[in-house]
>>> print(open('my_file.pdb').read())   # PDB, C-alpha atoms
ATOM      1  CA  MET M   1      72.699 112.570 101.487
ATOM      2  CA  SER M   2      73.390 114.084 104.845
ATOM      3  CA  SER M   3      75.666 117.086 105.131
ATOM      4  CA  SER M   4      77.690 115.224 107.747
ATOM      5  CA  VAL M   5      78.557 112.642 105.133
ATOM      6  CA  VAL M   6      78.965 114.706 102.026
ATOM      7  CA  GLY M   7      78.017 118.182 102.699
ATOM      8  CA  ALA M   8      78.654 121.616 104.002
ATOM      9  CA  PRO M   9      80.847 123.505 104.351
ATOM     10  CA  GLY M  10      81.626 123.778 100.693
ATOM     11  CA  THR M  11      79.931 122.752  97.500
ATOM     12  CA  LEU M  12      79.846 119.443  95.678
ATOM     13  CA  ARG M  13      82.413 120.864  93.269
ATOM     14  CA  ARG M  14      84.796 121.605  96.111
ATOM     15  CA  TYR M  15      84.209 118.154  97.558
ATOM     16  CA  MET M  16      84.978 116.420  94.258
ATOM     17  CA  HIS M  17      88.076 118.575  93.735
ATOM     18  CA  SER M  18      89.385 117.723  97.199
ATOM     19  CA  LEU M  19      88.558 114.061  96.641
ATOM     20  CA  TRP M  20      90.541 114.009  93.424
ATOM     21  CA  LEU M  21      93.538 115.782  94.979
ATOM     22  CA  LEU M  22      93.701 113.378  97.921
ATOM     23  CA  SER M  23      93.287 110.325  95.687
ATOM     24  CA  ALA M  24      95.967 111.554  93.291
ATOM     25  CA  ARG M  25      98.278 112.137  96.256
ATOM     26  CA  ASP M  26      97.734 108.574  97.427
ATOM     27  CA  LEU M  27      98.676 107.232  93.992
ATOM     28  CA  ARG M  28     101.765 109.448  93.748
ATOM     29  CA  VAL M  29     102.972 108.437  97.207
ATOM     30  CA  ARG M  30     102.440 104.754  96.470
ATOM     31  CA  TYR M  31     104.370 104.744  93.192
ATOM     32  CA  ALA M  32     106.945 107.470  93.845
ATOM     33  CA  THR M  33     109.415 105.105  95.505
ATOM     34  CA  SER M  34     108.476 102.000  93.508
ATOM     35  CA  TRP M  35     110.597 100.850  90.587
ATOM     36  CA  LEU M  36     107.932  98.486  89.315
ATOM     37  CA  GLY M  37     105.244 101.160  89.598
ATOM     38  CA  TYR M  38     102.217 100.110  87.553
ATOM     39  CA  LEU M  39     103.170  96.437  87.691
ATOM     40  CA  TRP M  40     102.306  96.335  91.391
ATOM     41  CA  SER M  41      98.673  96.953  90.427
ATOM     42  CA  VAL M  42      98.545  93.671  88.512
ATOM     43  CA  LEU M  43     101.306  91.552  90.033
ATOM     44  CA  ASP M  44      99.319  90.348  93.037
ATOM     45  CA  PRO M  45      96.214  89.164  91.125
ATOM     46  CA  LEU M  46      98.403  87.662  88.381
ATOM     47  CA  VAL M  47     100.438  85.633  90.867
ATOM     48  CA  MET M  48      97.252  84.493  92.615
ATOM     49  CA  SER M  49      95.705  83.564  89.261
ATOM     50  CA  ALA M  50      98.783  81.588  88.257
ATOM     51  CA  ILE M  51      98.786  79.670  91.556
ATOM     52  CA  TYR M  52      95.108  78.743  91.424
ATOM     53  CA  TRP M  53      95.322  77.920  87.724
ATOM     54  CA  PHE M  54      98.237  75.561  88.422
ATOM     55  CA  VAL M  55      96.551  73.934  91.427
ATOM     56  CA  PHE M  56      93.148  73.391  89.825
ATOM     57  CA  THR M  57      94.301  72.691  86.264
ATOM     58  CA  VAL M  58      97.610  70.861  86.580
ATOM     59  CA  ILE M  59      97.456  69.147  89.991
ATOM     60  CA  PHE M  60      93.726  68.547  90.467
ATOM     61  CA  ASP M  61      91.038  67.579  87.982
ATOM     62  CA  ARG M  62      89.089  70.832  87.992
ATOM     63  CA  SER M  63      85.296  70.586  87.956
ATOM     64  CA  VAL M  64      84.449  74.238  88.661
ATOM     65  CA  GLY M  65      84.542  77.442  86.671
ATOM     66  CA  SER M  66      84.740  77.843  82.903
ATOM     67  CA  ASP M  67      87.426  77.726  80.202
ATOM     68  CA  PRO M  68      89.779  79.444  79.686
ATOM     69  CA  TYR M  69      90.149  79.103  83.458
ATOM     70  CA  ILE M  70      92.920  81.708  83.773
ATOM     71  CA  VAL M  71      90.575  84.351  82.311
ATOM     72  CA  PHE M  72      87.791  83.098  84.583
ATOM     73  CA  LEU M  73      90.084  83.686  87.585
ATOM     74  CA  ILE M  74      91.368  87.093  86.533
ATOM     75  CA  CYS M  75      87.823  88.393  85.930
ATOM     76  CA  ALA M  76      87.139  88.015  89.662
ATOM     77  CA  LEU M  77      90.613  88.421  91.164
ATOM     78  CA  LEU M  78      91.133  91.931  89.776
ATOM     79  CA  PRO M  79      87.937  93.353  91.382
ATOM     80  CA  TRP M  80      88.660  91.288  94.508
ATOM     81  CA  VAL M  81      92.015  93.053  94.924
ATOM     82  CA  TRP M  82      90.171  96.377  94.652
ATOM     83  CA  PHE M  83      87.649  95.264  97.268
ATOM     84  CA  ASN M  84      90.191  93.698  99.623
ATOM     85  CA  SER M  85      92.711  96.553  99.525
ATOM     86  CA  ALA M  86      90.001  99.203  99.950
ATOM     87  CA  VAL M  87      88.366  97.508 102.955
ATOM     88  CA  SER M  88      91.787  96.931 104.518
ATOM     89  CA  ASP M  89      92.601 100.628 104.173
ATOM     90  CA  PHE M  90      89.225 101.609 105.638
ATOM     91  CA  THR M  91      90.340 100.167 108.988
ATOM     92  CA  LYS M  92      92.999 102.864 109.318
ATOM     93  CA  ALA M  93      91.451 105.597 107.185
ATOM     94  CA  PHE M  94      91.091 108.094 110.069
ATOM     95  CA  ASN M  95      93.919 107.035 112.361
ATOM     96  CA  LYS M  96      96.448 107.389 109.564
ATOM     97  CA  ASP M  97      95.709 111.116 109.100
ATOM     98  CA  ALA M  98      94.206 111.862 112.508
ATOM     99  CA  LYS M  99      95.550 115.409 112.754
ATOM    100  CA  LEU M 100      94.318 116.365 109.300
ATOM    101  CA  VAL M 101      90.925 114.720 109.895
ATOM    102  CA  ARG M 102      90.427 116.771 113.070
ATOM    103  CA  SER M 103      91.507 120.097 111.604
ATOM    104  CA  THR M 104      90.086 119.972 108.074
ATOM    105  CA  SER M 105      86.929 121.799 107.065
ATOM    106  CA  ILE M 106      86.000 119.333 104.326
ATOM    107  CA  PRO M 107      83.581 116.466 105.082
ATOM    108  CA  ARG M 108      85.296 113.556 106.822
ATOM    109  CA  SER M 109      83.628 111.119 104.426
ATOM    110  CA  ILE M 110      86.213 112.213 101.885
ATOM    111  CA  TRP M 111      88.711 109.896 103.603
ATOM    112  CA  ILE M 112      86.468 107.041 102.537
ATOM    113  CA  GLY M 113      85.984 108.320  99.017
ATOM    114  CA  ARG M 114      89.709 108.825  98.439
ATOM    115  CA  ILE M 115      90.388 105.161  99.183
ATOM    116  CA  VAL M 116      87.593 103.928  96.915
ATOM    117  CA  LEU M 117      88.730 106.226  94.103
ATOM    118  CA  SER M 118      92.468 105.535  94.331
ATOM    119  CA  LYS M 119      92.025 101.763  94.588
ATOM    120  CA  GLY M 120      89.390 101.888  91.852
ATOM    121  CA  THR M 121      91.817 103.758  89.587
ATOM    122  CA  GLU M 122      94.383 101.013  90.127
ATOM    123  CA  PHE M 123      91.724  98.452  89.250
ATOM    124  CA  LEU M 124      90.840 100.219  86.000
ATOM    125  CA  CYS M 125      94.524 100.485  85.109
ATOM    126  CA  SER M 126      94.877  96.727  85.529
ATOM    127  CA  LEU M 127      92.146  95.891  83.006
ATOM    128  CA  PRO M 128      94.500  95.781  79.972
ATOM    129  CA  VAL M 129      96.004  92.672  81.571
ATOM    130  CA  LEU M 130      92.589  90.992  81.460
ATOM    131  CA  VAL M 131      92.237  91.924  77.785
ATOM    132  CA  VAL M 132      95.663  90.475  76.955
ATOM    133  CA  PHE M 133      94.907  87.168  78.689
ATOM    134  CA  ALA M 134      91.468  87.025  77.072
ATOM    135  CA  VAL M 135      92.955  87.501  73.596
ATOM    136  CA  PHE M 136      95.816  85.048  73.968
ATOM    137  CA  GLY M 137      93.711  82.614  76.007
ATOM    138  CA  GLY M 138      91.155  82.344  73.245
ATOM    139  CA  ALA M 139      88.244  83.760  75.212
ATOM    140  CA  SER M 140      85.360  85.198  73.233
ATOM    141  CA  PHE M 141      83.218  88.051  74.475
ATOM    142  CA  GLY M 142      79.754  89.288  73.665
ATOM    143  CA  TRP M 143      77.160  91.836  74.699
ATOM    144  CA  GLY M 144      77.686  90.853  78.316
ATOM    145  CA  VAL M 145      80.555  93.338  78.328
ATOM    146  CA  LEU M 146      77.893  96.024  78.871
ATOM    147  CA  TRP M 147      77.460  94.700  82.412
ATOM    148  CA  PHE M 148      81.059  95.566  83.226
ATOM    149  CA  PRO M 149      80.499  99.286  83.975
ATOM    150  CA  VAL M 150      77.373  98.344  85.945
ATOM    151  CA  ALA M 151      79.540  96.071  88.082
ATOM    152  CA  VAL M 152      81.984  98.928  88.683
ATOM    153  CA  VAL M 153      79.151 101.204  89.834
ATOM    154  CA  VAL M 154      77.618  98.572  92.128
ATOM    155  CA  GLN M 155      81.018  97.740  93.633
ATOM    156  CA  THR M 156      81.686 101.442  94.214
ATOM    157  CA  ILE M 157      78.362 101.807  96.033
ATOM    158  CA  LEU M 158      79.141  98.739  98.144
ATOM    159  CA  LEU M 159      82.623  99.970  99.047
ATOM    160  CA  VAL M 160      81.462 103.466  99.996
ATOM    161  CA  GLY M 161      78.799 101.957 102.236
ATOM    162  CA  LEU M 162      81.270  99.580 103.869
ATOM    163  CA  GLY M 163      83.797 102.373 104.292
ATOM    164  CA  LEU M 164      81.294 104.585 106.088
ATOM    165  CA  LEU M 165      80.682 101.671 108.461
ATOM    166  CA  VAL M 166      84.166 100.242 108.947
ATOM    167  CA  ALA M 167      86.251 103.429 109.216
ATOM    168  CA  PRO M 168      84.507 105.050 112.219
ATOM    169  CA  LEU M 169      83.924 101.726 114.000
ATOM    170  CA  CYS M 170      87.634 100.869 113.783
ATOM    171  CA  VAL M 171      88.477 104.154 115.514
ATOM    172  CA  LEU M 172      86.113 103.421 118.390
ATOM    173  CA  PHE M 173      86.911  99.697 118.597
ATOM    174  CA  SER M 174      90.546  99.048 117.697
ATOM    175  CA  ASP M 175      90.161  95.250 117.696
ATOM    176  CA  LEU M 176      87.940  95.519 114.640
ATOM    177  CA  GLU M 177      91.003  96.085 112.445
ATOM    178  CA  ARG M 178      92.266  92.545 113.077
ATOM    179  CA  THR M 179      88.733  91.176 112.921
ATOM    180  CA  THR M 180      88.272  92.741 109.500
ATOM    181  CA  ARG M 181      91.399  90.993 108.209
ATOM    182  CA  LEU M 182      90.031  87.628 109.352
ATOM    183  CA  ILE M 183      86.654  88.326 107.751
ATOM    184  CA  LEU M 184      88.343  89.228 104.455
ATOM    185  CA  ARG M 185      90.270  85.953 104.458
ATOM    186  CA  ALA M 186      87.082  83.977 104.956
ATOM    187  CA  LEU M 187      85.195  86.112 102.430
ATOM    188  CA  PHE M 188      87.727  85.270  99.721
ATOM    189  CA  TYR M 189      86.743  81.606  99.819
ATOM    190  CA  ALA M 190      83.073  82.401 100.431
ATOM    191  CA  SER M 191      82.964  84.424  97.205
ATOM    192  CA  PRO M 192      82.818  82.911  93.685
ATOM    193  CA  ILE M 193      86.420  83.658  92.713
ATOM    194  CA  ILE M 194      87.989  80.248  92.112
ATOM    195  CA  TYR M 195      84.549  78.830  91.350
ATOM    196  CA  GLY M 196      81.299  80.138  89.848
ATOM    197  CA  VAL M 197      77.941  80.833  91.457
ATOM    198  CA  HIS M 198      76.492  77.690  89.859
ATOM    199  CA  ASP M 199      79.205  75.462  91.327
ATOM    200  CA  VAL M 200      77.987  75.909  94.911
ATOM    201  CA  PRO M 201      75.693  73.055  96.004
ATOM    202  CA  GLY M 202      72.393  73.119  97.851
ATOM    203  CA  VAL M 203      71.663  75.542 100.629
ATOM    204  CA  PHE M 204      75.132  77.094 100.399
ATOM    205  CA  ARG M 205      74.242  78.482  96.987
ATOM    206  CA  GLU M 206      71.166  80.168  98.436
ATOM    207  CA  LEU M 207      73.227  81.609 101.279
ATOM    208  CA  GLY M 208      75.799  82.780  98.749
ATOM    209  CA  MET M 209      73.175  85.010  97.155
ATOM    210  CA  PHE M 210      73.441  87.245 100.228
ATOM    211  CA  ASN M 211      77.096  87.882  99.433
ATOM    212  CA  PRO M 212      77.013  90.999  97.231
ATOM    213  CA  LEU M 213      80.307  90.012  95.625
ATOM    214  CA  SER M 214      78.582  87.020  94.015
ATOM    215  CA  GLY M 215      76.486  89.203  91.741
ATOM    216  CA  ILE M 216      79.271  91.711  91.174
ATOM    217  CA  PHE M 217      81.723  89.040  89.995
ATOM    218  CA  THR M 218      78.964  87.524  87.864
ATOM    219  CA  MET M 219      78.590  90.841  86.027
ATOM    220  CA  TYR M 220      82.335  91.115  85.470
ATOM    221  CA  ARG M 221      82.376  87.606  83.983
ATOM    222  CA  ALA M 222      79.310  88.118  81.802
ATOM    223  CA  ALA M 223      81.420  89.413  78.901
ATOM    224  CA  PHE M 224      83.381  86.165  78.559
ATOM    225  CA  PHE M 225      81.245  83.584  80.362
ATOM    226  CA  PRO M 226      77.520  84.196  79.728
ATOM    227  CA  GLU M 227      76.746  80.708  81.076
ATOM    228  CA  GLN M 228      77.814  81.962  84.525
ATOM    229  CA  TRP M 229      75.002  84.540  84.582
ATOM    230  CA  ASP M 230      72.639  84.466  87.548
ATOM    231  CA  SER M 231      69.918  87.123  87.674
ATOM    232  CA  LEU M 232      69.131  86.498  91.347
ATOM    233  CA  ALA M 233      72.750  86.986  92.386
ATOM    234  CA  VAL M 234      73.002  90.207  90.374
ATOM    235  CA  GLY M 235      69.744  91.586  91.738
ATOM    236  CA  MET M 236      70.671  90.724  95.321
ATOM    237  CA  SER M 237      74.088  92.341  94.983
ATOM    238  CA  ALA M 238      72.538  95.605  93.786
ATOM    239  CA  ILE M 239      69.962  95.646  96.602
ATOM    240  CA  ILE M 240      72.429  94.724  99.335
ATOM    241  CA  SER M 241      74.971  97.274  98.108
ATOM    242  CA  VAL M 242      72.374 100.050  98.297
ATOM    243  CA  VAL M 243      71.340  98.854 101.766
ATOM    244  CA  PHE M 244      74.965  99.004 102.928
ATOM    245  CA  LEU M 245      75.256 102.531 101.541
ATOM    246  CA  GLY M 246      72.130 103.686 103.381
ATOM    247  CA  LEU M 247      73.218 101.997 106.598
ATOM    248  CA  GLY M 248      76.696 103.459 106.255
ATOM    249  CA  ILE M 249      75.337 106.991 105.897
ATOM    250  CA  VAL M 250      73.206 106.625 109.030
ATOM    251  CA  VAL M 251      76.007 105.102 111.116
ATOM    252  CA  PHE M 252      78.621 107.583 109.910
ATOM    253  CA  ARG M 253      76.344 110.510 110.727
ATOM    254  CA  ARG M 254      75.866 109.275 114.301
ATOM    255  CA  LEU M 255      79.486 108.321 114.944
ATOM    256  CA  GLU M 256      81.274 111.289 113.376
ATOM    257  CA  ARG M 257      81.462 113.348 116.573
ATOM    258  CA  PRO M 258      82.537 110.443 118.822
ATOM    259  CA  VAL M 259      85.224 109.586 116.266
ATOM    260  CA  LEU M 260      86.576 113.152 116.273
ATOM    261  CA  LYS M 261      86.750 113.084 120.079
ATOM    262  CA  GLU M 262      88.560 109.736 120.008
ATOM    263  CA  LEU M 263      91.116 110.976 117.489
TER
END
>>> encode(input="my_file.pdb", output="structure tokens")
Amino acid sequence: MSSSVVGAPGTLRRYMHSLWLLSARDLRVRYATSWLGYLWSVLDPLVMSAIYWFVFTVIFDRSVGSDPYIVFLICALLPWVWFNSAVSDFTKAFNKDAKLVRSTSIPRSIWIGRIVLSKGTEFLCSLPVLVVFAVFGGASFGWGVLWFPVAVVVQTILLVGLGLLVAPLCVLFSDLERTTRLILRALFYASPIIYGVHDVPGVFRELGMFNPLSGIFTMYRAAFFPEQWDSLAVGMSAIISVVFLGLGIVVFRRLERPVLKEL
């Protein structure tokens, strides 16, 4: 990977140490003034899960997803919150700490990594909630649980790639911040969160394969819902995530200097 993205000055050890310090600072700042603290990591996806469970189970005659539906929802909503919050923060990753970004000697890509790591830590800390709902909801799990760490790795690759694209572009084109919010709203419904990959009809299912979140959410659900497995979706998500990472590295390398001048 290019030195402008990861590299010199400094070693990989120094980079990882700085990444950890910045990510830990983000978590401390977020929870220092919060009485609920950890609960904020799970409150949003839990409220969303409860709403969609009520709408599609109590009000409407649900024909999508799998039972227990609340577990089906949480399996995708927890990683969605990680994805959504990380991409949202990418839009202001450099502007938020413009002075520090200009003056620091560490690679500027660390401002992307800190967001992925801090939001990913919150995601991992929210997983006990999924376990509790799975136990009390009567969900059974099998060997598909081995796909869970693979999903975390693929989602991390995807987010780093997107961050390397979104963060510098939002500095150069300020309107992209609002555009990104609109895209995220549409992407929520275009991703198999309240439904599964097999519930999408016709050509829309084929188009959905190009959404890397389809395969990622499929891997998260594999532990509890093996019938939701789709090898094509999983394979496409891995390929597209790697493509985004490669594209992000190239774009970040070319835009780093213009971004520093703009800041």
>>> closest_residue(input="my_file.pdb", among="M:Leu46, M:Val154, M:Val129, M:Met219", to="Ile239 (chain M)", atoms="only C-alpha atoms")
M:Val154
>>> atom_distance(input="my_file.pdb", atom1="CA of Gly113 (chain M)", atom2="CA of Thr156 (chain M)")
9.4 Å
>>> resolve_selection(input="my_file.pdb", expression="the PyMOL selection byres ((chain M and resi 45) around 12)", output="PyMOL selection string")
chain M and resi 39-44+46-53+70-71+73-82+84-85+123+126-127+129-130+193
>>> closest_residue(input="my_file.pdb", among="M:Phe224, M:Trp229, M:Tyr15, M:Tyr195", to="Arg108 (chain M)", atoms="only C-alpha atoms")
M:Tyr15
>>> atom_distance(input="my_file.pdb", atom1="CA of Leu165 (chain M)", atom2="CA of Ile249 (chain M)")
8.0 Å
>>> atom_distance(input="my_file.pdb", atom1="CA of Ile110 (chain M)", atom2="CA of Ala93 (chain M)")
10.0 Å
>>> residues_around(input="my_file.pdb", residues="Trp111 (chain M)", least_positions_apart="3", cutoff="10 Å", atoms="all atoms listed in the file", output="JSON, numbers by chain")
{"M": [19, 22, 23, 90, 93, 94, 97, 101, 106, 107, 108, 114, 115, 116, 163, 164, 167]}
>>> closest_residue(input="my_file.pdb", among="M:Phe173, M:Val166, M:Pro68, M:Ser105", to="Gly138 (chain M)", atoms="only C-alpha atoms")
M:Pro68
>>> closest_residue(input="my_file.pdb", among="M:Asp67, M:Asn95, M:Phe56, M:Val87", to="Ser174 (chain M)", atoms="all atoms listed in the file")
M:Asn95
>>> closest_residue(input="my_file.pdb", among="M:Leu158, M:Leu117, M:Leu232, M:Ala134", to="Met16 (chain M)", atoms="all atoms listed in the file")
M:Leu117
>>> residues_around(input="my_file.pdb", residues="Met209 (chain M)", least_positions_apart="2", cutoff="8 Å", atoms="all atoms listed in the file", output="list in words")
Arg205, Glu206, Leu207, Asn211, Pro212, Ser214, Gly215, Leu232, Ala233, Met236 and Ser237 of chain M
>>> closest_residue(input="my_file.pdb", among="M:Cys125, M:Arg257, M:Ser88, M:Leu21", to="Ile183 (chain M)", atoms="all atoms listed in the file")
M:Ser88
>>> axis_aligned_box(input="my_file.pdb", around="region 234-244 of chain M", padding_each_side="6 Å", output="AutoDock Vina command-line options")
--center_x 72.4 --center_y 95.1 --center_z 96.7 --size_x 17.2 --size_y 21.8 --size_z 24.6
